[in-house]
file protein12.cif (mmCIF, C-alpha atoms)
data_model
loop_
_atom_site.label_atom_id
_atom_site.label_comp_id
_atom_site.auth_asym_id
_atom_site.auth_seq_id
_atom_site.Cartn_x
_atom_site.Cartn_y
_atom_site.Cartn_z
CA MET S 1 163.88 58.34 -108.72
CA LYS S 2 164.56 61.40 -106.55
CA LYS S 3 163.74 64.67 -108.35
CA TYR S 4 165.55 68.00 -108.06
CA ALA S 5 165.06 71.34 -109.73
CA VAL S 6 167.93 73.81 -109.85
CA ILE S 7 166.41 77.22 -110.53
CA VAL S 8 169.01 79.66 -111.78
CA ALA S 9 168.18 83.27 -111.01
CA GLY S 10 171.36 85.13 -111.73
CA GLY S 11 170.19 87.97 -113.93
CA SER S 12 171.04 91.51 -112.99
CA GLY S 13 168.16 93.08 -114.90
CA LYS S 14 170.30 95.00 -117.38
CA ARG S 15 168.14 94.16 -120.39
CA MET S 16 165.01 95.02 -118.44
CA GLY S 17 166.22 98.55 -117.75
CA THR S 18 165.18 98.34 -114.12
CA ALA S 19 167.15 98.55 -110.89
CA ILE S 20 165.37 95.47 -109.52
CA PRO S 21 166.81 92.15 -110.79
CA LYS S 22 164.25 90.79 -113.22
CA GLN S 23 163.56 87.65 -111.21
CA PHE S 24 162.20 89.89 -108.42
CA LEU S 25 159.91 91.98 -110.61
CA LEU S 26 156.24 91.56 -109.81
CA LEU S 27 153.94 89.50 -111.95
CA ASP S 28 150.34 89.67 -110.77
CA GLY S 29 151.64 91.22 -107.54
CA LYS S 30 154.25 88.56 -106.74
CA PRO S 31 157.97 88.23 -107.64
CA ILE S 32 158.52 86.22 -110.83
CA LEU S 33 160.85 83.79 -109.06
CA MET S 34 158.07 82.79 -106.64
CA HIS S 35 155.82 81.94 -109.58
CA THR S 36 158.59 79.78 -111.01
CA LEU S 37 159.13 77.88 -107.75
CA LEU S 38 155.38 77.41 -107.39
CA SER S 39 155.20 75.86 -110.86
CA PHE S 40 157.56 73.09 -109.77
CA PHE S 41 156.02 72.73 -106.31
CA SER S 42 152.53 72.47 -107.80
CA ALA S 43 153.69 69.88 -110.32
CA ASP S 44 155.06 67.60 -107.58
CA LYS S 45 155.71 68.45 -103.92
CA ASN S 46 158.50 65.87 -103.88
CA ILE S 47 160.73 67.86 -106.21
CA SER S 48 163.55 69.31 -104.08
CA LEU S 49 164.00 72.94 -105.05
CA VAL S 50 167.43 74.59 -105.20
CA VAL S 51 167.53 78.31 -106.00
CA VAL S 52 170.84 79.77 -107.15
CA LEU S 53 171.10 83.52 -106.57
CA PRO S 54 173.95 86.04 -106.80
CA GLU S 55 175.38 86.71 -103.33
CA ALA S 56 174.19 90.33 -103.56
CA HIS S 57 170.56 89.26 -103.98
CA ILE S 58 170.24 86.60 -101.32
CA SER S 59 169.20 88.91 -98.51
CA THR S 60 166.70 90.65 -100.80
CA TRP S 61 165.19 87.28 -101.66
CA GLN S 62 164.94 86.35 -97.99
CA SER S 63 163.19 89.63 -97.22
CA LEU S 64 160.80 89.06 -100.11
CA CYS S 65 160.00 85.56 -98.87
CA GLU S 66 159.11 87.01 -95.47
CA ALA S 67 157.15 89.92 -96.92
CA TYR S 68 155.13 87.66 -99.21
CA ASN S 69 154.82 84.90 -96.63
CA PHE S 70 156.36 82.53 -99.17
CA THR S 71 156.79 79.20 -97.44
CA ILE S 72 157.48 76.77 -100.30
CA PRO S 73 160.52 74.80 -99.03
CA HIS S 74 163.68 75.50 -101.01
CA GLN S 75 167.41 75.67 -100.53
CA VAL S 76 169.31 78.84 -101.51
CA VAL S 77 172.77 78.52 -103.04
CA GLU S 78 175.12 81.41 -103.80
CA GLY S 79 175.88 81.70 -107.52
CA GLY S 80 179.12 82.27 -109.44
CA ILE S 81 180.35 84.87 -111.89
CA GLU S 82 178.94 83.11 -114.97
CA ARG S 83 175.82 80.98 -115.36
CA PHE S 84 178.12 77.95 -115.73
CA PHE S 85 179.54 78.40 -112.24
CA SER S 86 176.12 79.12 -110.77
CA VAL S 87 174.69 75.88 -112.12
CA LYS S 88 177.77 73.99 -110.96
CA LYS S 89 177.35 75.32 -107.43
CA GLY S 90 173.69 74.38 -107.48
CA LEU S 91 174.53 70.85 -108.63
CA ASN S 92 177.26 70.50 -106.01
CA SER S 93 174.68 71.13 -103.31
CA ILE S 94 173.01 67.85 -104.32
CA THR S 95 174.61 64.82 -102.65
CA GLU S 96 172.15 62.18 -103.91
CA LYS S 97 173.88 59.67 -106.23
CA HIS S 98 170.82 58.59 -108.23
CA ALA S 99 168.49 61.40 -109.14
CA ILE S 100 167.08 63.41 -112.00
CA VAL S 101 167.73 67.13 -111.98
CA ALA S 102 165.83 69.73 -113.98
CA ILE S 103 167.80 72.94 -114.54
CA HIS S 104 165.47 75.85 -115.13
CA ASP S 105 165.61 79.61 -115.69
CA GLY S 106 164.25 81.56 -112.73
CA VAL S 107 162.49 83.89 -115.16
CA ARG S 108 160.46 81.18 -116.94
CA PRO S 109 157.47 81.06 -114.60
CA PHE S 110 154.90 79.57 -116.99
CA VAL S 111 156.21 76.06 -117.55
CA SER S 112 153.26 73.73 -117.02
CA ALA S 113 153.04 70.86 -114.52
CA GLN S 114 152.55 68.46 -117.43
CA THR S 115 155.75 69.62 -119.13
CA ILE S 116 157.73 69.45 -115.88
CA MET S 117 156.54 65.91 -115.17
CA ASN S 118 157.17 64.86 -118.75
CA SER S 119 160.72 66.21 -118.50
CA PHE S 120 161.43 64.12 -115.42
CA SER S 121 159.85 60.94 -116.72
CA GLN S 122 161.45 61.08 -120.17
CA THR S 123 164.85 61.79 -118.64
CA GLU S 124 164.68 58.58 -116.60
CA THR S 125 165.41 56.71 -119.82
CA LEU S 126 166.92 59.38 -122.08
CA LYS S 127 169.41 60.82 -119.50
CA ALA S 128 169.62 64.26 -121.15
CA THR S 129 166.60 66.17 -122.44
CA THR S 130 165.76 69.74 -123.27
CA LEU S 131 162.52 71.42 -124.23
CA ALA S 132 162.31 72.64 -127.79
CA VAL S 133 159.70 74.34 -129.97
CA ASP S 134 159.52 75.15 -133.67
CA LEU S 135 160.44 78.65 -134.83
CA LYS S 136 157.48 80.74 -135.91
CA ASP S 137 159.52 83.38 -137.72
CA SER S 138 162.01 83.01 -140.56
CA ILE S 139 165.64 83.22 -139.51
CA ARG S 140 168.73 84.46 -141.30
CA LEU S 141 172.37 83.65 -140.71
CA VAL S 142 174.35 86.88 -140.33
CA GLY S 143 177.85 87.10 -141.72
CA GLU S 144 180.54 89.70 -142.10
CA GLY S 145 179.77 93.27 -143.18
CA GLY S 146 176.06 92.91 -142.43
CA ASN S 147 175.61 90.22 -145.06
CA SER S 148 173.01 87.63 -144.22
CA LYS S 149 171.37 84.66 -145.87
CA ALA S 150 168.11 82.83 -145.47
CA VAL S 151 168.35 79.45 -143.77
CA ASP S 152 165.69 76.74 -143.56
CA ARG S 153 163.97 77.38 -140.24
CA SER S 154 162.53 73.86 -140.15
CA LEU S 155 166.07 72.62 -139.44
CA TYR S 156 166.23 74.63 -136.22
CA LYS S 157 164.49 74.49 -132.86
CA LEU S 158 164.14 77.17 -130.20
CA ILE S 159 165.42 75.82 -126.92
CA GLN S 160 163.75 76.33 -123.55
CA THR S 161 164.23 75.09 -120.02
CA PRO S 162 163.93 72.89 -118.06
CA GLN S 163 166.90 71.01 -119.42
CA THR S 164 166.84 67.79 -117.47
CA PHE S 165 169.57 65.26 -116.77
CA SER S 166 170.56 62.28 -114.69
CA ILE S 167 172.62 63.70 -111.84
CA GLU S 168 175.67 61.54 -112.66
CA LEU S 169 175.72 62.78 -116.26
CA ILE S 170 175.26 66.47 -115.52
CA LYS S 171 177.83 66.46 -112.71
CA LYS S 172 180.33 64.78 -115.00
CA ALA S 173 179.66 67.42 -117.67
CA TYR S 174 180.15 70.25 -115.18
CA ARG S 175 183.57 68.91 -114.22
CA GLN S 176 184.84 70.19 -117.59
CA GLU S 177 186.70 73.47 -117.70
CA TYR S 178 184.51 76.47 -118.43
CA SER S 179 184.21 77.55 -122.05
CA SER S 180 182.36 80.53 -123.47
CA VAL S 181 180.60 78.21 -125.95
CA PHE S 182 178.58 76.84 -123.02
CA THR S 183 175.44 78.90 -123.46
CA ASP S 184 173.13 76.45 -121.74
CA ASP S 185 173.30 73.12 -119.92
CA ALA S 186 172.69 71.10 -123.07
CA SER S 187 175.85 72.58 -124.61
CA VAL S 188 177.83 71.66 -121.48
CA VAL S 189 176.61 68.06 -121.73
CA GLU S 190 177.39 68.05 -125.42
CA GLY S 191 180.93 69.06 -124.47
CA ILE S 192 181.50 65.56 -123.04
CA GLY S 193 180.11 63.93 -126.17
CA GLU S 194 176.67 63.02 -124.83
CA LYS S 195 173.54 63.23 -126.95
CA ILE S 196 170.77 65.71 -126.11
CA HIS S 197 167.20 64.56 -126.69
CA LEU S 198 164.74 67.26 -127.69
CA ILE S 199 161.32 66.97 -126.09
CA LYS S 200 158.16 69.00 -126.53
CA GLY S 201 158.29 72.53 -125.11
CA GLU S 202 155.45 75.03 -125.03
CA TYR S 203 155.09 78.51 -126.48
CA ASN S 204 153.80 79.91 -123.18
CA ASN S 205 157.06 78.96 -121.48
CA ILE S 206 158.65 82.33 -122.19
CA LYS S 207 161.75 83.81 -120.58
CA ILE S 208 160.99 87.22 -119.12
CA THR S 209 163.90 89.39 -120.18
CA THR S 210 162.41 92.61 -121.55
CA PRO S 211 159.62 94.99 -120.45
CA GLU S 212 157.48 93.64 -123.34
CA ASP S 213 157.80 90.16 -121.86
CA LEU S 214 156.39 91.36 -118.55
CA VAL S 215 153.24 92.60 -120.29
CA ILE S 216 152.97 89.33 -122.17
CA GLY S 217 153.57 87.45 -118.93
CA GLU S 218 150.63 89.13 -117.22
CA ALA S 219 148.44 88.06 -120.15
CA ILE S 220 149.64 84.46 -120.08
CA LEU S 221 149.06 84.32 -116.34
CA SER S 222 145.50 85.60 -116.66
CA SER S 223 144.78 83.04 -119.39
CA LEU S 224 145.98 79.99 -117.42
CA MET K 225 158.74 108.54 -153.16
CA LYS K 226 155.31 106.93 -153.42
CA LYS K 227 154.67 104.38 -150.67
CA TYR K 228 152.72 101.14 -150.89
CA ALA K 229 152.00 98.40 -148.38
CA VAL K 230 151.01 94.95 -149.62
CA ILE K 231 149.33 93.19 -146.71
CA VAL K 232 149.24 89.45 -147.25
CA ALA K 233 146.39 87.74 -145.44
CA GLY K 234 146.30 84.27 -146.89
CA GLY K 235 146.19 82.08 -143.81
CA SER K 236 143.47 79.50 -143.46
CA GLY K 237 143.69 79.27 -139.67
CA LYS K 238 144.82 75.66 -139.53
CA ARG K 239 147.42 76.27 -136.81
CA MET K 240 144.93 78.31 -134.83
CA GLY K 241 142.47 75.42 -134.65
CA THR K 242 139.56 77.69 -135.51
CA ALA K 243 137.15 77.75 -138.42
CA ILE K 244 137.63 81.51 -138.85
CA PRO K 245 140.79 82.44 -140.81
CA LYS K 246 143.17 83.89 -138.24
CA GLN K 247 143.33 87.32 -139.87
CA PHE K 248 139.60 87.70 -139.10
CA LEU K 249 139.81 86.67 -135.45
CA LEU K 250 138.91 89.45 -133.04
CA LEU K 251 141.51 91.35 -131.10
CA ASP K 252 139.98 93.82 -128.66
CA GLY K 253 136.68 93.32 -130.50
CA LYS K 254 137.97 93.98 -134.02
CA PRO K 255 139.38 91.66 -136.74
CA ILE K 256 143.17 91.41 -136.60
CA LEU K 257 143.52 92.48 -140.23
CA MET K 258 141.81 95.81 -139.49
CA HIS K 259 144.35 96.50 -136.74
CA THR K 260 147.14 95.78 -139.21
CA LEU K 261 145.74 98.14 -141.85
CA LEU K 262 145.22 100.82 -139.20
CA SER K 263 148.87 100.55 -138.16
CA PHE K 264 149.95 101.56 -141.65
CA PHE K 265 147.21 104.16 -142.10
CA SER K 266 148.08 105.77 -138.76
CA ALA K 267 151.77 105.83 -139.64
CA ASP K 268 151.13 107.75 -142.87
CA LYS K 269 147.81 108.31 -144.66
CA ASN K 270 149.69 108.49 -147.96
CA ILE K 271 150.66 104.82 -147.90
CA SER K 272 148.49 103.06 -150.50
CA LEU K 273 147.17 99.85 -148.97
CA VAL K 274 146.78 96.63 -150.95
CA VAL K 275 145.23 93.66 -149.15
CA VAL K 276 145.74 90.23 -150.70
CA LEU K 277 143.09 87.70 -149.64
CA PRO K 278 142.18 84.19 -150.78
CA GLU K 279 139.23 84.32 -153.16
CA ALA K 280 137.09 82.42 -150.65
CA HIS K 281 137.56 85.11 -148.00
CA ILE K 282 136.97 88.26 -150.00
CA SER K 283 133.24 88.44 -149.46
CA THR K 284 133.68 87.72 -145.74
CA TRP K 285 136.16 90.59 -145.55
CA GLN K 286 133.76 92.92 -147.33
CA SER K 287 130.96 91.98 -144.94
CA LEU K 288 133.28 92.56 -141.99
CA CYS K 289 134.25 95.98 -143.32
CA GLU K 290 130.57 96.92 -143.50
CA ALA K 291 129.74 95.44 -140.12
CA TYR K 292 132.63 97.23 -138.41
CA ASN K 293 132.16 100.41 -140.43
CA PHE K 294 135.79 100.09 -141.52
CA THR K 295 136.44 102.91 -143.97
CA ILE K 296 140.25 102.98 -144.27
CA PRO K 297 140.81 103.10 -148.05
CA HIS K 298 142.41 99.94 -149.43
CA GLN K 299 142.43 97.84 -152.54
CA VAL K 300 141.58 94.12 -152.34
CA VAL K 301 143.47 91.68 -154.57
CA GLU K 302 142.68 87.98 -154.93
CA GLY K 303 145.59 85.77 -153.79
CA GLY K 304 147.20 82.69 -155.28
CA ILE K 305 147.79 79.14 -154.14
CA GLU K 306 151.09 79.91 -152.38
CA ARG K 307 152.24 83.03 -150.57
CA PHE K 308 154.64 83.64 -153.50
CA PHE K 309 151.78 83.95 -155.97
CA SER K 310 149.72 86.08 -153.61
CA VAL K 311 152.52 88.61 -153.19
CA LYS K 312 153.13 88.59 -156.93
CA LYS K 313 149.48 89.40 -157.61
CA GLY K 314 149.59 92.17 -155.04
CA LEU K 315 152.69 93.65 -156.65
CA ASN K 316 151.20 93.40 -160.13
CA SER K 317 148.32 95.60 -159.00
CA ILE K 318 150.84 98.43 -158.56
CA THR K 319 151.53 100.31 -161.80
CA GLU K 320 153.76 103.06 -160.37
CA LYS K 321 157.32 102.83 -161.76
CA HIS K 322 159.14 104.52 -158.86
CA ALA K 323 157.89 103.55 -155.46
CA ILE K 324 158.78 101.79 -152.25
CA VAL K 325 156.65 98.82 -151.25
CA ALA K 326 156.43 97.30 -147.81
CA ILE K 327 155.24 93.69 -147.82
CA HIS K 328 153.67 92.77 -144.50
CA ASP K 329 151.92 89.84 -142.83
CA GLY K 330 148.23 90.51 -142.24
CA VAL K 331 148.54 88.91 -138.81
CA ARG K 332 151.28 91.24 -137.50
CA PRO K 333 149.08 94.05 -136.22
CA PHE K 334 151.51 95.61 -133.71
CA VAL K 335 154.22 97.04 -135.95
CA SER K 336 154.77 100.61 -134.77
CA ALA K 337 154.46 103.77 -136.88
CA GLN K 338 158.12 104.50 -136.18
CA THR K 339 159.22 101.13 -137.52
CA ILE K 340 157.01 101.44 -140.60
CA MET K 341 158.37 104.90 -141.42
CA ASN K 342 161.93 103.77 -140.77
CA SER K 343 161.42 100.85 -143.17
CA PHE K 344 160.29 103.18 -145.95
CA SER K 345 163.00 105.77 -145.40
CA GLN K 346 165.86 103.29 -145.12
CA THR K 347 164.70 101.45 -148.22
CA GLU K 348 164.96 104.63 -150.30
CA THR K 349 168.73 104.14 -150.22
CA LEU K 350 169.13 100.45 -149.33
CA LYS K 351 166.57 99.09 -151.89
CA ALA K 352 165.87 95.87 -149.92
CA THR K 353 165.36 95.78 -146.14
CA THR K 354 163.79 93.44 -143.65
CA LEU K 355 163.10 93.79 -139.95
CA ALA K 356 165.19 91.57 -137.72
CA VAL K 357 165.56 91.02 -133.98
CA ASP K 358 167.99 89.02 -131.88
CA LEU K 359 166.98 85.59 -130.68
CA LYS K 360 166.20 85.46 -126.96
CA ASP K 361 166.36 81.68 -126.69
CA SER K 362 169.16 79.29 -127.58
CA ILE K 363 168.69 77.43 -130.84
CA ARG K 364 169.80 74.01 -132.00
CA LEU K 365 170.30 72.66 -135.49
CA VAL K 366 168.35 69.42 -135.88
CA GLY K 367 169.81 66.64 -137.98
CA GLU K 368 168.95 63.08 -138.86
CA GLY K 369 167.60 60.61 -136.32
CA GLY K 370 166.74 63.34 -133.82
CA ASN K 371 170.34 64.40 -133.42
CA SER K 372 170.84 68.08 -132.79
CA LYS K 373 173.68 70.42 -131.98
CA ALA K 374 174.01 73.80 -130.33
CA VAL K 375 174.68 76.68 -132.69
CA ASP K 376 175.75 80.21 -131.80
CA ARG K 377 172.49 82.15 -131.61
CA SER K 378 174.31 85.48 -131.97
CA LEU K 379 174.95 84.54 -135.62
CA TYR K 380 171.23 84.38 -136.35
CA LYS K 381 168.41 86.90 -136.49
CA LEU K 382 164.68 86.33 -136.28
CA ILE K 383 163.04 87.90 -139.29
CA GLN K 384 159.83 89.92 -139.23
CA THR K 385 157.82 91.98 -141.67
CA PRO K 386 157.54 94.52 -143.21
CA GLN K 387 160.14 93.51 -145.74
CA THR K 388 160.49 96.60 -147.86
CA PHE K 389 161.80 97.06 -151.39
CA SER K 390 162.05 99.40 -154.32
CA ILE K 391 159.23 98.40 -156.64
CA GLU K 392 161.59 97.77 -159.58
CA LEU K 393 163.72 95.39 -157.54
CA ILE K 394 160.88 93.39 -156.01
CA LYS K 395 158.98 93.07 -159.29
CA LYS K 396 162.14 91.81 -160.97
CA ALA K 397 162.62 89.26 -158.17
CA TYR K 398 159.03 88.04 -158.52
CA ARG K 399 159.53 87.37 -162.22
CA GLN K 400 161.61 84.32 -161.19
CA GLU K 401 160.01 80.92 -161.30
CA TYR K 402 158.51 79.82 -158.00
CA SER K 403 160.71 77.73 -155.73
CA SER K 404 159.82 76.14 -152.40
CA VAL K 405 162.92 77.74 -150.86
CA PHE K 406 161.14 81.11 -151.10
CA THR K 407 159.83 81.34 -147.55
CA ASP K 408 159.60 85.11 -147.47
CA ASP K 409 160.15 88.08 -149.77
CA ALA K 410 163.77 88.52 -148.73
CA SER K 411 164.55 85.01 -149.96
CA VAL K 412 162.88 85.79 -153.30
CA VAL K 413 165.04 88.91 -153.69
CA GLU K 414 168.09 86.90 -152.68
CA GLY K 415 167.21 84.53 -155.53
CA ILE K 416 168.23 87.22 -158.04
CA GLY K 417 171.49 87.87 -156.20
CA GLU K 418 170.50 91.07 -154.43
CA LYS K 419 171.62 91.87 -150.90
CA ILE K 420 169.11 92.12 -148.06
CA HIS K 421 169.77 94.77 -145.41
CA LEU K 422 168.62 93.92 -141.91
CA ILE K 423 167.06 96.80 -140.00
CA LYS K 424 165.79 97.05 -136.45
CA GLY K 425 162.58 95.12 -135.74
CA GLU K 426 160.66 95.08 -132.48
CA TYR K 427 159.69 92.27 -130.12
CA ASN K 428 156.08 93.43 -129.97
CA ASN K 429 155.73 92.88 -133.72
CA ILE K 430 154.52 89.30 -133.30
CA LYS K 431 152.79 87.14 -135.86
CA ILE K 432 149.51 85.83 -134.50
CA THR K 433 149.47 82.16 -135.47
CA THR K 434 148.47 80.22 -132.36
CA PRO K 435 145.82 80.67 -129.63
CA GLU K 436 148.60 81.66 -127.21
CA ASP K 437 149.54 84.51 -129.54
CA LEU K 438 146.02 85.86 -129.38
CA VAL K 439 146.23 86.12 -125.58
CA ILE K 440 149.61 87.78 -125.89
CA GLY K 441 148.23 90.08 -128.56
CA GLU K 442 145.47 91.33 -126.28
CA ALA K 443 148.15 92.16 -123.69
CA ILE K 444 150.36 93.99 -126.15
CA LEU K 445 147.38 95.98 -127.38
CA SER K 446 146.40 97.03 -123.88
CA SER K 447 149.97 98.12 -123.15
CA LEU K 448 150.36 100.37 -126.21
#
call {"tool": "encode", "arguments": {"input": "protein12.cif", "output": "structure tokens"}}
result
Amino acid sequence: MKKYAVIVAGGSGKRMGTAIPKQFLLLDGKPILMHTLLSFFSADKNISLVVVLPEAHISTWQSLCEAYNFTIPHQVVEGGIERFFSVKKGLNSITEKHAIVAIHDGVRPFVSAQTIMNSFSQTETLKATTLAVDLKDSIRLVGEGGNSKAVDRSLYKLIQTPQTFSIELIKKAYRQEYSSVFTDDASVVEGIGEKIHLIKGEYNNIKITTPEDLVIGEAILSSL
Amino acid sequence: MKKYAVIVAGGSGKRMGTAIPKQFLLLDGKPILMHTLLSFFSADKNISLVVVLPEAHISTWQSLCEAYNFTIPHQVVEGGIERFFSVKKGLNSITEKHAIVAIHDGVRPFVSAQTIMNSFSQTETLKATTLAVDLKDSIRLVGEGGNSKAVDRSLYKLIQTPQTFSIELIKKAYRQEYSSVFTDDASVVEGIGEKIHLIKGEYNNIKITTPEDLVIGEAILSSL
């Protein structure tokens, strides 16, 4: 079946404390977003790549592509005011009726080819999958007045992207009205009563959101 | 008040896939456990260090200390069959009646001096504190038959060590009978109905439990 990847790169870099949006920060001398696109392109050249960027960053991205001679084919779509609307716009750019679409964070450059291909192939039958890994640290549930209580971490999974769906299913889910409980695509799909299947993620598939992550990212890159 | 750190280094290295217990693996050419002890010693030379090791690893540790000319003063205590019993033995080696004790994972070498000192000073008034950081990834609660549902990650905190207590309080908590719900020291203290105060942790304060973590650890070390 036809494969798409919608790469959402909407972050403004607030948490990173830099003026440059985090997806454009350099990792081993190249913007993070290029690494992410290359991960999908290297996994399978037949994956159609859709990059969703805030309007304000599109010209910067185009300049970067020229400057870095980045020629991996991809379509650029202007994002919305919330991640929900950005993903929706990305999905609306896809006209194919039967396809699998992986929705992925632009700042998760280290997802492996094996994990990408596994996401697509498992989703052919499961329709809605998301990467998940076990928690390594204990977690506590925080209540009012700073109270907190231990919860059994084995009952929880940390969620990563890609979150991968049949195009019919994910488009149907994104026709719902926006709600602030939609923190990722899985929760949007859950909003129409569909089941999410958890598949094996990988600890290296980190989201680069803080300066510490950038240091860690350089190390992961050099170890691959 | 007198300060103690009980460093628990009981891991057998199963998750790491190595024959060497993970606390003895080299980080920048030196066993991880030595880095951890140095973090406390550098923060304040007056912190009395207690290292709890499985009986089978004590002679290895002593050989390593000689080989690496590691002269930071510390007491070695033989551990028990579960983390609970190891911590209890470490605590029982402390005879001081009024003291603050930080209980820390041997494989968390990157805790900063500032965070260590903050743990001790806050615990003087709060009696029971643990480091906590926000989750960066979404989490899902996993139920029967592979079902899972999105939960609000802002209601949860990832828990780190040191977990720091007044010695009276923590010794009282460890006089309880062992239960498998005791996954960390905070949960043991909670078992006697005492409140745990969450204080600011740090993302660099990772627990080295997988080969990926070791790569990340080298990067963190070189960035400090």
call {"tool": "interface_residues", "arguments": {"input": "protein12.cif", "of": "chain S", "to": "chain K", "cutoff": "6 Å", "atoms": "only C-alpha atoms", "output": "list in words"}}
result
Asp137, Ser138, Ile139, Arg140, Leu141, Val142, Leu155, Tyr156, Lys157, Leu158, Ile159, Ile216 and Ala219 of chain S
call {"tool": "residues_around", "arguments": {"input": "protein12.cif", "residues": "S:Phe120", "least_positions_apart": "6", "cutoff": "8 Å", "atoms": "only C-alpha atoms", "output": "number ranges by chain"}}
result
S: 3, 100-102, 164
call {"tool": "write_last_selection", "arguments": {"input": "protein12.cif", "atoms": "C-alpha atoms", "output": "PDB file, keeping the file's coordinate frame"}}
result
ATOM      1  CA  LYS S   3     163.740  64.670-108.350  1.00  0.00           C
ATOM      2  CA  ILE S 100     167.080  63.410-112.000  1.00  0.00           C
ATOM      3  CA  VAL S 101     167.730  67.130-111.980  1.00  0.00           C
ATOM      4  CA  ALA S 102     165.830  69.730-113.980  1.00  0.00           C
ATOM      5  CA  THR S 164     166.840  67.790-117.470  1.00  0.00           C
TER       6      THR S 164
END
call {"tool": "atom_distance", "arguments": {"input": "protein12.cif", "atom1": "atom CA of K:Met341", "atom2": "atom CA of K:Gln299"}}
result
20.7 Å
call {"tool": "closest_residue", "arguments": {"input": "protein12.cif", "among": "S:Lys97, S:His104, S:Lys45, S:Lys22", "to": "S:Pro211", "atoms": "only C-alpha atoms"}}
result
S:Lys22
call {"tool": "residues_around", "arguments": {"input": "protein12.cif", "residues": "K:Gln338", "least_positions_apart": "5", "cutoff": "12 Å", "atoms": "only C-alpha atoms", "output": "ChimeraX atom specification"}}
result
/K:263-264,266-268,343-346,424-426
call {"tool": "residues_around", "arguments": {"input": "protein12.cif", "residues": "stretch 57-62 of chain S", "least_positions_apart": "6", "cutoff": "8 Å", "atoms": "all atoms listed in the file", "output": "NGL selection string"}}
result
:S and (24 or 76 or 78)
call {"tool": "closest_residue", "arguments": {"input": "protein12.cif", "among": "K:Lys313, K:Ala352, K:Leu251, K:Tyr402", "to": "K:Ile423", "atoms": "all atoms listed in the file"}}
result
K:Ala352
call {"tool": "residues_near_point", "arguments": {"input": "protein12.cif", "point": "(145.1, 86.6, -147.6)", "cutoff": "7 Å", "atoms": "all atoms listed in the file", "output": "PDB file with C-alpha atoms, in the coordinates of the input"}}
result
ATOM      1  CA  VAL K 232     149.240  89.450-147.250  1.00  0.00           C
ATOM      2  CA  ALA K 233     146.390  87.740-145.440  1.00  0.00           C
ATOM      3  CA  GLY K 234     146.300  84.270-146.890  1.00  0.00           C
ATOM      4  CA  GLY K 235     146.190  82.080-143.810  1.00  0.00           C
ATOM      5  CA  VAL K 276     145.740  90.230-150.700  1.00  0.00           C
ATOM      6  CA  LEU K 277     143.090  87.700-149.640  1.00  0.00           C
ATOM      7  CA  PRO K 278     142.180  84.190-150.780  1.00  0.00           C
ATOM      8  CA  GLY K 303     145.590  85.770-153.790  1.00  0.00           C
TER       9      GLY K 303
END
call {"tool": "resolve_selection", "arguments": {"input": "protein12.cif", "expression": "the PyMOL selection byres ((chain K and resi 256-258) around 9)", "output": "JSON list (two decimals) with C-alpha atoms, in the frame of the given file"}}
result
[["chain", "number", "residue", "atom", "x", "y", "z"],
["K", 231, "ILE", "CA", 149.33, 93.19, -146.71],
["K", 233, "ALA", "CA", 146.39, 87.74, -145.44],
["K", 246, "LYS", "CA", 143.17, 83.89, -138.24],
["K", 247, "GLN", "CA", 143.33, 87.32, -139.87],
["K", 248, "PHE", "CA", 139.60, 87.70, -139.10],
["K", 249, "LEU", "CA", 139.81, 86.67, -135.45],
["K", 250, "LEU", "CA", 138.91, 89.45, -133.04],
["K", 251, "LEU", "CA", 141.51, 91.35, -131.10],
["K", 252, "ASP", "CA", 139.98, 93.82, -128.66],
["K", 254, "LYS", "CA", 137.97, 93.98, -134.02],
["K", 255, "PRO", "CA", 139.38, 91.66, -136.74],
["K", 259, "HIS", "CA", 144.35, 96.50, -136.74],
["K", 260, "THR", "CA", 147.14, 95.78, -139.21],
["K", 261, "LEU", "CA", 145.74, 98.14, -141.85],
["K", 262, "LEU", "CA", 145.22, 100.82, -139.20],
["K", 263, "SER", "CA", 148.87, 100.55, -138.16],
["K", 289, "CYS", "CA", 134.25, 95.98, -143.32],
["K", 294, "PHE", "CA", 135.79, 100.09, -141.52],
["K", 296, "ILE", "CA", 140.25, 102.98, -144.27],
["K", 330, "GLY", "CA", 148.23, 90.51, -142.24],
["K", 331, "VAL", "CA", 148.54, 88.91, -138.81],
["K", 332, "ARG", "CA", 151.28, 91.24, -137.50],
["K", 333, "PRO", "CA", 149.08, 94.05, -136.22],
["K", 432, "ILE", "CA", 149.51, 85.83, -134.50]]
call {"tool": "atom_distance", "arguments": {"input": "protein12.cif", "atom1": "atom CA of S:Asp185", "atom2": "atom CA of S:Gln163"}}
result
6.8 Å
call {"tool": "atom_distance", "arguments": {"input": "protein12.cif", "atom1": "atom CA of K:Ser336", "atom2": "atom CA of K:Thr354"}}
result
14.5 Å
call {"tool": "closest_residue", "arguments": {"input": "protein12.cif", "among": "S:Ala173, S:Glu66, S:Ser166, S:Ser179", "to": "S:Ile192", "atoms": "all atoms listed in the file"}}
result
S:Ala173
call {"tool": "resolve_selection", "arguments": {"input": "protein12.cif", "expression": "the PyMOL selection byres ((chain S and resi 98) around 7)", "output": "JSON, numbers by chain"}}
result
{"S": [1, 96, 97, 99, 167]}
call {"tool": "closest_residue", "arguments": {"input": "protein12.cif", "among": "K:Asn342, K:Thr319, K:Thr347, K:Ser272", "to": "K:His298", "atoms": "all atoms listed in the file"}}
result
K:Ser272
